[in-house]
>>> print(open('protein_4.pdb').read())   # PDB, C-alpha atoms and all ligand atoms
MODEL        1
ATOM      1  CA  MET V   1       0.000   0.000   0.000
ATOM      2  CA  ALA V   2       1.273   3.513  -0.829
ATOM      3  CA  ILE V   3       2.515   5.641   2.047
ATOM      4  CA  GLY V   4       0.196   8.526   2.827
ATOM      5  CA  LEU V   5      -1.390  10.652   5.459
ATOM      6  CA  SER V   6      -4.745  12.319   5.207
ATOM      7  CA  ALA V   7      -6.564  14.519   7.726
ATOM      8  CA  ARG V   8     -10.278  15.004   7.130
ATOM      9  CA  SER V   9     -12.040  17.765   9.096
ATOM     10  CA  VAL V  10      -9.951  16.977  12.138
ATOM     11  CA  GLY V  11     -11.021  18.734  15.327
ATOM     12  CA  LEU V  12      -9.503  18.587  18.786
ATOM     13  CA  THR V  13     -11.192  19.724  21.970
ATOM     14  CA  ILE V  14      -9.420  19.137  25.242
ATOM     15  CA  PRO V  15     -10.468  19.644  28.845
ATOM     16  CA  HIS V  16      -8.315  21.757  31.082
ATOM     17  CA  TYR V  17      -8.572  23.309  34.528
ATOM     18  CA  VAL V  18      -8.847  27.008  35.157
ATOM     19  CA  GLN V  19      -8.178  28.562  38.513
ATOM     20  CA  GLY V  20     -10.495  31.431  39.483
ATOM     21  CA  ALA V  21      -8.849  34.779  40.204
ATOM     22  CA  ARG V  22      -7.772  34.921  43.831
ATOM     23  CA  GLU V  23      -7.358  38.111  45.751
ATOM     24  CA  SER V  24      -5.262  37.970  48.831
ATOM     25  CA  GLY V  25      -4.076  40.649  51.153
ATOM     26  CA  SER V  26      -2.038  38.454  53.489
ATOM     27  CA  TRP V  27      -0.173  35.156  53.590
ATOM     28  CA  TRP V  28      -2.930  33.331  55.556
ATOM     29  CA  GLN V  29      -5.549  34.555  53.094
ATOM     30  CA  THR V  30      -3.377  33.215  50.261
ATOM     31  CA  LEU V  31      -3.258  29.818  52.015
ATOM     32  CA  VAL V  32      -6.996  29.766  52.644
ATOM     33  CA  ASN V  33      -7.799  30.804  49.059
ATOM     34  CA  ALA V  34      -5.426  28.231  47.607
ATOM     35  CA  SER V  35      -7.031  25.414  49.585
ATOM     36  CA  MET V  36     -10.661  26.553  49.206
ATOM     37  CA  ALA V  37     -10.927  27.867  45.641
ATOM     38  CA  ARG V  38     -11.339  24.832  43.440
ATOM     39  CA  PRO V  39     -10.265  25.007  39.808
ATOM     40  CA  HIS V  40     -13.052  24.428  37.327
ATOM     41  CA  ARG V  41     -12.896  22.358  34.202
ATOM     42  CA  VAL V  42     -13.463  23.960  30.809
ATOM     43  CA  TYR V  43     -13.319  22.458  27.340
ATOM     44  CA  ARG V  44     -11.215  24.198  24.798
ATOM     45  CA  GLN V  45     -11.281  23.771  21.056
ATOM     46  CA  ILE V  46      -7.685  23.658  19.846
ATOM     47  CA  LEU V  47      -8.216  22.482  16.246
ATOM     48  CA  ALA V  48     -11.259  22.728  14.002
ATOM     49  CA  ASP V  49     -11.980  21.335  10.576
ATOM     50  CA  VAL V  50      -8.342  20.668   9.645
ATOM     51  CA  SER V  51      -7.968  18.876   6.318
ATOM     52  CA  PHE V  52      -4.879  18.201   4.221
ATOM     53  CA  ASP V  53      -3.127  15.325   2.440
ATOM     54  CA  ALA V  54       0.459  14.206   2.193
ATOM     55  CA  ILE V  55       1.574  11.604  -0.315
ATOM     56  CA  ASP V  56       4.841   9.776  -1.009
ATOM     57  CA  GLY V  57       7.706  12.258  -1.180
ATOM     58  CA  ASP V  58       5.835  15.216   0.322
ATOM     59  CA  ARG V  59       7.545  17.454   2.841
ATOM     60  CA  VAL V  60       4.861  19.544   4.482
ATOM     61  CA  ALA V  61       5.615  22.680   6.517
ATOM     62  CA  LEU V  62       3.114  23.515   9.240
ATOM     63  CA  ILE V  63       3.346  27.242   9.778
ATOM     64  CA  GLY V  64       1.379  29.712  11.844
ATOM     65  CA  ARG V  65       1.633  32.204  14.639
ATOM     66  CA  ASN V  66       2.263  31.280  18.281
ATOM     67  CA  GLY V  67      -0.650  29.270  19.601
ATOM     68  CA  ALA V  68      -2.068  28.576  16.121
ATOM     69  CA  GLY V  69      -2.159  24.824  16.835
ATOM     70  CA  LYS V  70       0.927  23.436  15.026
ATOM     71  CA  SER V  71       2.239  21.327  17.921
ATOM     72  CA  SER V  72      -1.263  20.126  18.776
ATOM     73  CA  LEU V  73      -1.807  19.055  15.176
ATOM     74  CA  LEU V  74       1.511  17.194  15.210
ATOM     75  CA  LYS V  75       0.382  15.381  18.372
ATOM     76  CA  VAL V  76      -2.788  14.333  16.584
ATOM     77  CA  LEU V  77      -0.772  13.210  13.540
ATOM     78  CA  THR V  78       1.537  11.092  15.706
ATOM     79  CA  GLY V  79      -1.438   9.479  17.441
ATOM     80  CA  ALA V  80      -0.666  11.002  20.876
ATOM     81  CA  TYR V  81      -4.079  12.749  20.761
ATOM     82  CA  GLN V  82      -7.164  11.227  19.175
ATOM     83  CA  PRO V  83      -9.097  13.730  17.067
ATOM     84  CA  THR V  84     -12.404  14.540  18.769
ATOM     85  CA  THR V  85     -14.061  15.081  15.388
ATOM     86  CA  GLY V  86     -13.157  14.118  11.840
ATOM     87  CA  CYS V  87     -10.689  11.394  10.999
ATOM     88  CA  LEU V  88      -7.084  10.699  10.249
ATOM     89  CA  GLU V  89      -5.893   8.090   7.787
ATOM     90  CA  VAL V  90      -2.270   7.027   8.037
ATOM     91  CA  HIS V  91      -0.577   4.496   5.785
ATOM     92  CA  GLY V  92       2.975   3.891   6.918
ATOM     93  CA  LYS V  93       5.066   3.794  10.047
ATOM     94  CA  ARG V  94       5.312   7.105  11.879
ATOM     95  CA  GLN V  95       8.330   8.456  13.736
ATOM     96  CA  ALA V  96       8.006  11.640  15.739
ATOM     97  CA  LEU V  97      10.691  13.987  16.952
ATOM     98  CA  LEU V  98       8.465  16.322  18.931
ATOM     99  CA  ASN V  99      10.283  16.404  22.185
ATOM    100  CA  ILE V 100      14.051  16.362  22.116
ATOM    101  CA  SER V 101      14.348  14.877  25.602
ATOM    102  CA  LEU V 102      11.724  12.152  25.131
ATOM    103  CA  GLY V 103      13.180   8.771  26.062
ATOM    104  CA  PHE V 104      16.432  10.344  27.267
ATOM    105  CA  ASN V 105      17.931  10.004  30.721
ATOM    106  CA  GLY V 106      20.354  12.698  31.875
ATOM    107  CA  GLN V 107      22.242  10.332  34.166
ATOM    108  CA  ALA V 108      22.857   7.716  31.447
ATOM    109  CA  THR V 109      25.720   8.043  28.979
ATOM    110  CA  VAL V 110      25.272   9.238  25.400
ATOM    111  CA  GLU V 111      25.656   5.672  24.130
ATOM    112  CA  GLU V 112      23.188   4.307  26.684
ATOM    113  CA  ASN V 113      20.749   6.993  25.617
ATOM    114  CA  ILE V 114      20.892   5.779  22.040
ATOM    115  CA  LEU V 115      19.734   2.439  23.398
ATOM    116  CA  LEU V 116      16.984   4.051  25.500
ATOM    117  CA  ARG V 117      15.681   6.238  22.723
ATOM    118  CA  GLY V 118      15.959   3.487  20.131
ATOM    119  CA  THR V 119      13.961   1.183  22.398
ATOM    120  CA  ALA V 120      11.314   3.895  22.902
ATOM    121  CA  MET V 121      11.109   4.115  19.087
ATOM    122  CA  GLY V 122      10.385   0.409  18.858
ATOM    123  CA  LEU V 123      13.755  -0.630  17.348
ATOM    124  CA  SER V 124      15.145  -4.065  18.140
ATOM    125  CA  LEU V 125      18.436  -4.464  20.021
ATOM    126  CA  GLU V 126      20.045  -5.656  16.777
ATOM    127  CA  GLN V 127      18.880  -2.558  14.900
ATOM    128  CA  ILE V 128      20.115  -0.277  17.675
ATOM    129  CA  LYS V 129      23.557  -1.941  17.694
ATOM    130  CA  GLU V 130      23.736  -1.542  13.933
ATOM    131  CA  VAL V 131      23.016   2.189  13.988
ATOM    132  CA  THR V 132      24.884   3.263  17.143
ATOM    133  CA  GLY V 133      28.153   4.013  15.299
ATOM    134  CA  GLN V 134      26.537   6.110  12.608
ATOM    135  CA  VAL V 135      24.365   7.978  15.150
ATOM    136  CA  LEU V 136      27.496   8.972  17.070
ATOM    137  CA  ASP V 137      29.247  10.008  13.847
ATOM    138  CA  PHE V 138      26.294  11.949  12.467
ATOM    139  CA  SER V 139      25.698  13.816  15.704
ATOM    140  CA  GLY V 140      29.428  14.516  16.098
ATOM    141  CA  LEU V 141      29.336  13.012  19.595
ATOM    142  CA  ALA V 142      31.625   9.986  19.182
ATOM    143  CA  GLU V 143      34.230  11.535  21.473
ATOM    144  CA  VAL V 144      31.728  11.990  24.283
ATOM    145  CA  ALA V 145      29.935   8.666  23.843
ATOM    146  CA  GLN V 146      30.703   7.671  27.434
ATOM    147  CA  HIS V 147      29.833  11.047  28.950
ATOM    148  CA  ARG V 148      26.602  11.470  30.856
ATOM    149  CA  LEU V 149      23.883  13.180  28.865
ATOM    150  CA  TYR V 150      23.323  16.026  31.333
ATOM    151  CA  THR V 151      26.840  17.294  30.563
ATOM    152  CA  LEU V 152      25.832  17.988  26.932
ATOM    153  CA  SER V 153      24.537  21.308  25.627
ATOM    154  CA  ALA V 154      20.950  21.700  24.379
ATOM    155  CA  GLY V 155      22.240  21.754  20.804
ATOM    156  CA  GLN V 156      24.225  18.534  21.282
ATOM    157  CA  ARG V 157      21.171  16.808  22.747
ATOM    158  CA  MET V 158      19.123  17.987  19.788
ATOM    159  CA  ARG V 159      21.749  16.512  17.414
ATOM    160  CA  LEU V 160      21.546  13.216  19.256
ATOM    161  CA  GLY V 161      17.724  13.191  19.190
ATOM    162  CA  PHE V 162      17.648  13.998  15.489
ATOM    163  CA  ALA V 163      20.356  11.452  14.645
ATOM    164  CA  VAL V 164      18.596   8.615  16.491
ATOM    165  CA  SER V 165      15.137   9.495  15.196
ATOM    166  CA  THR V 166      16.299   9.536  11.594
ATOM    167  CA  ALA V 167      18.841   6.697  11.810
ATOM    168  CA  VAL V 168      16.443   4.144  10.422
ATOM    169  CA  ASP V 169      14.325   4.766   7.339
ATOM    170  CA  GLN V 170      10.828   5.665   8.450
ATOM    171  CA  ASP V 171       7.782   6.113   6.291
ATOM    172  CA  ILE V 172       6.556   9.295   7.951
ATOM    173  CA  ILE V 173       8.688  11.658  10.052
ATOM    174  CA  LEU V 174       7.025  14.325  12.203
ATOM    175  CA  LEU V 175       9.238  17.114  13.511
ATOM    176  CA  ASP V 176       8.520  20.038  15.813
ATOM    177  CA  GLU V 177      10.953  22.981  15.654
ATOM    178  CA  TRP V 178      13.806  20.505  15.713
ATOM    179  CA  LEU V 179      16.440  22.810  14.347
ATOM    180  CA  GLY V 180      16.022  25.583  16.888
ATOM    181  CA  ALA V 181      19.103  24.587  18.857
ATOM    182  CA  GLY V 182      21.260  23.494  15.914
ATOM    183  CA  ASP V 183      24.163  25.437  14.455
ATOM    184  CA  MET V 184      24.437  26.175  10.706
ATOM    185  CA  GLN V 185      26.750  23.229   9.998
ATOM    186  CA  PHE V 186      24.372  20.780  11.650
ATOM    187  CA  ILE V 187      21.341  22.306   9.921
ATOM    188  CA  ARG V 188      23.047  21.633   6.566
ATOM    189  CA  LYS V 189      23.720  18.000   7.518
ATOM    190  CA  ALA V 190      20.206  17.546   8.860
ATOM    191  CA  ARG V 191      18.717  18.996   5.692
ATOM    192  CA  ALA V 192      20.796  16.678   3.537
ATOM    193  CA  ARG V 193      19.658  13.697   5.579
ATOM    194  CA  MET V 194      16.030  14.720   5.342
ATOM    195  CA  ASN V 195      16.280  15.196   1.600
ATOM    196  CA  ASP V 196      17.879  11.775   1.461
ATOM    197  CA  ARG V 197      15.011  10.241   3.408
ATOM    198  CA  VAL V 198      12.501  11.982   1.196
ATOM    199  CA  ARG V 199      14.158  10.659  -1.959
ATOM    200  CA  GLY V 200      13.239   7.235  -0.595
ATOM    201  CA  SER V 201       9.577   8.226  -0.968
ATOM    202  CA  ARG V 202       9.045   9.268   2.596
ATOM    203  CA  ILE V 203       6.810  11.904   4.112
ATOM    204  CA  VAL V 204       8.120  14.653   6.354
ATOM    205  CA  ILE V 205       5.824  16.948   8.350
ATOM    206  CA  LEU V 206       7.683  19.837   9.922
ATOM    207  CA  ALA V 207       6.243  22.508  12.241
ATOM    208  CA  THR V 208       8.425  25.582  12.118
ATOM    209  CA  HIS V 209       8.623  29.339  12.500
ATOM    210  CA  ASN V 210      11.691  29.397  10.290
ATOM    211  CA  LEU V 211      10.329  30.297   6.859
ATOM    212  CA  GLU V 212      13.725  29.883   5.212
ATOM    213  CA  ILE V 213      13.941  26.278   6.409
ATOM    214  CA  ALA V 214      10.329  25.695   5.365
ATOM    215  CA  ARG V 215      11.067  27.027   1.874
ATOM    216  CA  ARG V 216      14.241  25.002   1.435
ATOM    217  CA  VAL V 217      13.048  21.731   2.901
ATOM    218  CA  CYS V 218       9.340  21.555   2.045
ATOM    219  CA  ASN V 219       7.237  21.404  -1.093
ATOM    220  CA  LYS V 220       3.861  21.900   0.583
ATOM    221  CA  GLY V 221       2.678  24.271   3.288
ATOM    222  CA  VAL V 222      -0.281  24.322   5.645
ATOM    223  CA  VAL V 223      -0.924  27.628   7.385
ATOM    224  CA  LEU V 224      -2.811  27.364  10.650
ATOM    225  CA  GLU V 225      -4.622  30.290  12.215
ATOM    226  CA  GLN V 226      -6.508  29.868  15.485
ATOM    227  CA  GLY V 227      -6.670  26.119  15.021
ATOM    228  CA  ARG V 228      -8.049  26.252  11.486
ATOM    229  CA  VAL V 229      -6.417  25.856   8.086
ATOM    230  CA  ALA V 230      -5.986  29.323   6.612
ATOM    231  CA  PHE V 231      -4.163  27.951   3.558
ATOM    232  CA  SER V 232      -3.036  24.611   2.202
ATOM    233  CA  GLY V 233      -1.010  24.237  -0.983
ATOM    234  CA  GLY V 234       2.474  24.965  -2.323
ATOM    235  CA  VAL V 235       5.042  26.072   0.263
ATOM    236  CA  ILE V 236       5.834  29.388  -1.492
ATOM    237  CA  GLU V 237       2.164  30.377  -1.556
ATOM    238  CA  ALA V 238       1.801  29.215   2.062
ATOM    239  CA  ILE V 239       4.659  31.473   3.149
ATOM    240  CA  MET V 240       3.096  34.390   1.262
ATOM    241  CA  GLU V 241      -0.236  33.730   2.971
ATOM    242  CA  TYR V 242       1.424  33.514   6.383
ATOM    243  CA  ARG V 243       3.232  36.817   5.796
ATOM    244  CA  ARG V 244      -0.068  38.380   4.750
ATOM    245  CA  LEU V 245      -1.707  37.119   7.977
ATOM    246  CA  CYS V 246       1.138  38.505  10.080
ATOM    247  CA  ARG V 247       0.843  41.907   8.397
ATOM    248  CA  GLY V 248      -2.928  41.974   8.774
TER     249      GLY V 248
HETATM  250  N1  LIG Z 301      -2.810  20.675  27.147
HETATM  251  C1  LIG Z 301      -3.385  21.836  26.829
HETATM  252  N2  LIG Z 301      -4.375  22.336  27.580
HETATM  253  C2  LIG Z 301      -4.978  23.509  27.257
HETATM  254  N3  LIG Z 301      -4.675  24.240  26.192
HETATM  255  C3  LIG Z 301      -3.683  23.799  25.412
HETATM  256  C4  LIG Z 301      -2.981  22.582  25.677
HETATM  257  N4  LIG Z 301      -2.058  22.400  24.703
HETATM  258  C5  LIG Z 301      -2.165  23.453  23.882
HETATM  259  N5  LIG Z 301      -3.133  24.297  24.296
HETATM  260  C6  LIG Z 301      -3.548  25.544  23.644
HETATM  261  O1  LIG Z 301      -3.769  25.257  22.290
HETATM  262  C7  LIG Z 301      -3.359  26.335  21.477
HETATM  263  C8  LIG Z 301      -2.411  25.812  20.408
HETATM  264  O2  LIG Z 301      -1.198  25.417  21.045
HETATM  265  P1  LIG Z 301      -0.003  24.780  20.215
HETATM  266  O3  LIG Z 301       1.100  24.499  21.170
HETATM  267  O4  LIG Z 301      -0.522  23.686  19.393
HETATM  268  O5  LIG Z 301       0.364  26.019  19.269
HETATM  269  P2  LIG Z 301       1.634  26.232  18.326
HETATM  270  O6  LIG Z 301       1.110  26.715  17.012
HETATM  271  O7  LIG Z 301       2.482  25.026  18.318
HETATM  272  O8  LIG Z 301       2.342  27.431  19.084
HETATM  273  P3  LIG Z 301       3.891  27.892  19.126
HETATM  274  O9  LIG Z 301       4.236  28.399  17.781
HETATM  275  O10 LIG Z 301       3.837  29.002  20.140
HETATM  276  O11 LIG Z 301       4.704  26.730  19.588
HETATM  277  C9  LIG Z 301      -2.737  27.373  22.405
HETATM  278  O12 LIG Z 301      -3.682  28.405  22.613
HETATM  279  C10 LIG Z 301      -2.475  26.614  23.680
HETATM  280  O13 LIG Z 301      -2.634  27.439  24.802
ENDMDL
END
>>> encode(input="protein_4.pdb", output="structure tokens", more="lines below")
Ligand SMILES: Nc1ncnc2c1ncn2[C@@H]1O[C@H](COP(=O)(O)OP(=O)(O)OP(=O)(O)O)[C@@H](O)[C@H]1O
Amino acid sequence: MAIGLSARSVGLTIPHYVQGARESGSWWQTLVNASMARPHRVYRQILADVSFDAIDGDRVALIGRNGAGKSSLLKVLTGAYQPTTGCLEVHGKRQALLNISLGFNGQATVEENILLRGTAMGLSLEQIKEVTGQVLDFSGLAEVAQHRLYTLSAGQRMRLGFAVSTAVDQDIILLDEWLGAGDMQFIRKARARMNDRVRGSRIVILATHNLEIARRVCNKGVVLEQGRVAFSGGVIEAIMEYRRLCRG
């Protein structure tokens, strides 16, 4: 079956708790208010009527202002959140790099973390052993393989997360602002690897504020505005639409 991903009128409403405003003139009043005033639950619509398709070879940029719903949509696309309305059709194995520290342990060494993260990704021990060398090379961390993870910089941890997540060919890769902590040299390497993956008929969905990266890496763009699709089509047109929204 061909690899593909299709969102049809996807909506997401989630419950969350809101604390009423509390006035306090003294420390004991603060304590009393904190223990007495109960938070109340409200339902909030995060996404509404989101539709788009990605087929073999597509690299889709999700762009939009802060709070537009990009990360929430990625969570729906990975399967972390079920859509509350509409439906999602996914053909292919998904790999998400949404949270750089997911599956990592600061006290374990870099090499041990490759094992931890690889296991969290569902790779077998054999597969992890096979890719460990190239993950260390790609991330430029071979020299610190036996160092504990917490001694690494945010950018080095991002390199490691990206290198592990993309070490094995995946059908669909979902990325959230993954290049934020990378330097220019690593961004070039990461872009080359992504293009490489895409040449193998893979799908990449990338949420980003970096329009230059979106333009260089992606062929399609989906602009989100207040949880809805403001535009879906070619990436150049999507960037133009996003700029228009920001001006407006
Ligand atoms: N767990 C949650 N509970 C309540 N509201 C949430 C939750 N997660 C996200 N939201 C709200 O949903 C909206 C969309 O958030 P989301 O993180 O998806 O936006 P985004 O486009 O990724 O933003 P940014 O560009 O700032 O990262 C925001 O208004 C946010 O406050």
>>> residues_near_ligand(input="protein_4.pdb", ligand="ligand LIG 301 (chain Z)", cutoff="10 Å", atoms="only C-alpha atoms and all ligand atoms", output="ChimeraX atom specification")
/V:12-18,42-47,62-75,176-177,207-209,223-227
>>> residues_around(input="protein_4.pdb", residues="Gly233 of chain V", least_positions_apart="4", cutoff="8 Å", atoms="all atoms listed in the file", output="PyMOL selection string")
chain V and resi 220-222+237-238
>>> residues_around(input="protein_4.pdb", residues="Gly4 of chain V", least_positions_apart="5", cutoff="6 Å", atoms="all atoms listed in the file", output="MDAnalysis selection string")
chainID V and resid 54:55 90:91
>>> residues_near_point(input="protein_4.pdb", point="(-3.0, 13.4, 6.7)", cutoff="10 Å", atoms="only C-alpha atoms", output="count of residues only")
20
>>> atom_distance(input="protein_4.pdb", atom1="atom CA of Gln95 of chain V", atom2="atom CA of Leu175 of chain V")
8.7 Å
>>> resolve_selection(input="protein_4.pdb", expression="the PyMOL selection byres (((chain V and resi 133-150) around 12) and not hetatm)", output="mmCIF file with C-alpha atoms, in the coordinates of the input")
data_model
loop_
_atom_site.group_PDB
_atom_site.id
_atom_site.type_symbol
_atom_site.label_atom_id
_atom_site.label_comp_id
_atom_site.auth_asym_id
_atom_site.auth_seq_id
_atom_site.Cartn_x
_atom_site.Cartn_y
_atom_site.Cartn_z
ATOM 1 C CA SER V 101 14.348 14.877 25.602
ATOM 2 C CA GLY V 103 13.180 8.771 26.062
ATOM 3 C CA PHE V 104 16.432 10.344 27.267
ATOM 4 C CA ASN V 105 17.931 10.004 30.721
ATOM 5 C CA GLY V 106 20.354 12.698 31.875
ATOM 6 C CA GLN V 107 22.242 10.332 34.166
ATOM 7 C CA ALA V 108 22.857 7.716 31.447
ATOM 8 C CA THR V 109 25.720 8.043 28.979
ATOM 9 C CA VAL V 110 25.272 9.238 25.400
ATOM 10 C CA GLU V 111 25.656 5.672 24.130
ATOM 11 C CA GLU V 112 23.188 4.307 26.684
ATOM 12 C CA ASN V 113 20.749 6.993 25.617
ATOM 13 C CA ILE V 114 20.892 5.779 22.040
ATOM 14 C CA LEU V 115 19.734 2.439 23.398
ATOM 15 C CA LEU V 116 16.984 4.051 25.500
ATOM 16 C CA ARG V 117 15.681 6.238 22.723
ATOM 17 C CA GLY V 118 15.959 3.487 20.131
ATOM 18 C CA GLN V 127 18.880 -2.558 14.900
ATOM 19 C CA ILE V 128 20.115 -0.277 17.675
ATOM 20 C CA LYS V 129 23.557 -1.941 17.694
ATOM 21 C CA GLU V 130 23.736 -1.542 13.933
ATOM 22 C CA VAL V 131 23.016 2.189 13.988
ATOM 23 C CA THR V 132 24.884 3.263 17.143
ATOM 24 C CA THR V 151 26.840 17.294 30.563
ATOM 25 C CA LEU V 152 25.832 17.988 26.932
ATOM 26 C CA SER V 153 24.537 21.308 25.627
ATOM 27 C CA ALA V 154 20.950 21.700 24.379
ATOM 28 C CA GLY V 155 22.240 21.754 20.804
ATOM 29 C CA GLN V 156 24.225 18.534 21.282
ATOM 30 C CA ARG V 157 21.171 16.808 22.747
ATOM 31 C CA MET V 158 19.123 17.987 19.788
ATOM 32 C CA ARG V 159 21.749 16.512 17.414
ATOM 33 C CA LEU V 160 21.546 13.216 19.256
ATOM 34 C CA GLY V 161 17.724 13.191 19.190
ATOM 35 C CA PHE V 162 17.648 13.998 15.489
ATOM 36 C CA ALA V 163 20.356 11.452 14.645
ATOM 37 C CA VAL V 164 18.596 8.615 16.491
ATOM 38 C CA SER V 165 15.137 9.495 15.196
ATOM 39 C CA THR V 166 16.299 9.536 11.594
ATOM 40 C CA ALA V 167 18.841 6.697 11.810
ATOM 41 C CA VAL V 168 16.443 4.144 10.422
ATOM 42 C CA GLY V 182 21.260 23.494 15.914
ATOM 43 C CA ASP V 183 24.163 25.437 14.455
ATOM 44 C CA GLN V 185 26.750 23.229 9.998
ATOM 45 C CA PHE V 186 24.372 20.780 11.650
ATOM 46 C CA ILE V 187 21.341 22.306 9.921
ATOM 47 C CA ARG V 188 23.047 21.633 6.566
ATOM 48 C CA LYS V 189 23.720 18.000 7.518
ATOM 49 C CA ALA V 190 20.206 17.546 8.860
ATOM 50 C CA ALA V 192 20.796 16.678 3.537
ATOM 51 C CA ARG V 193 19.658 13.697 5.579
#
>>> atom_distance(input="protein_4.pdb", atom1="atom CA of Gln82 of chain V", atom2="atom CA of Leu98 of chain V")
16.4 Å
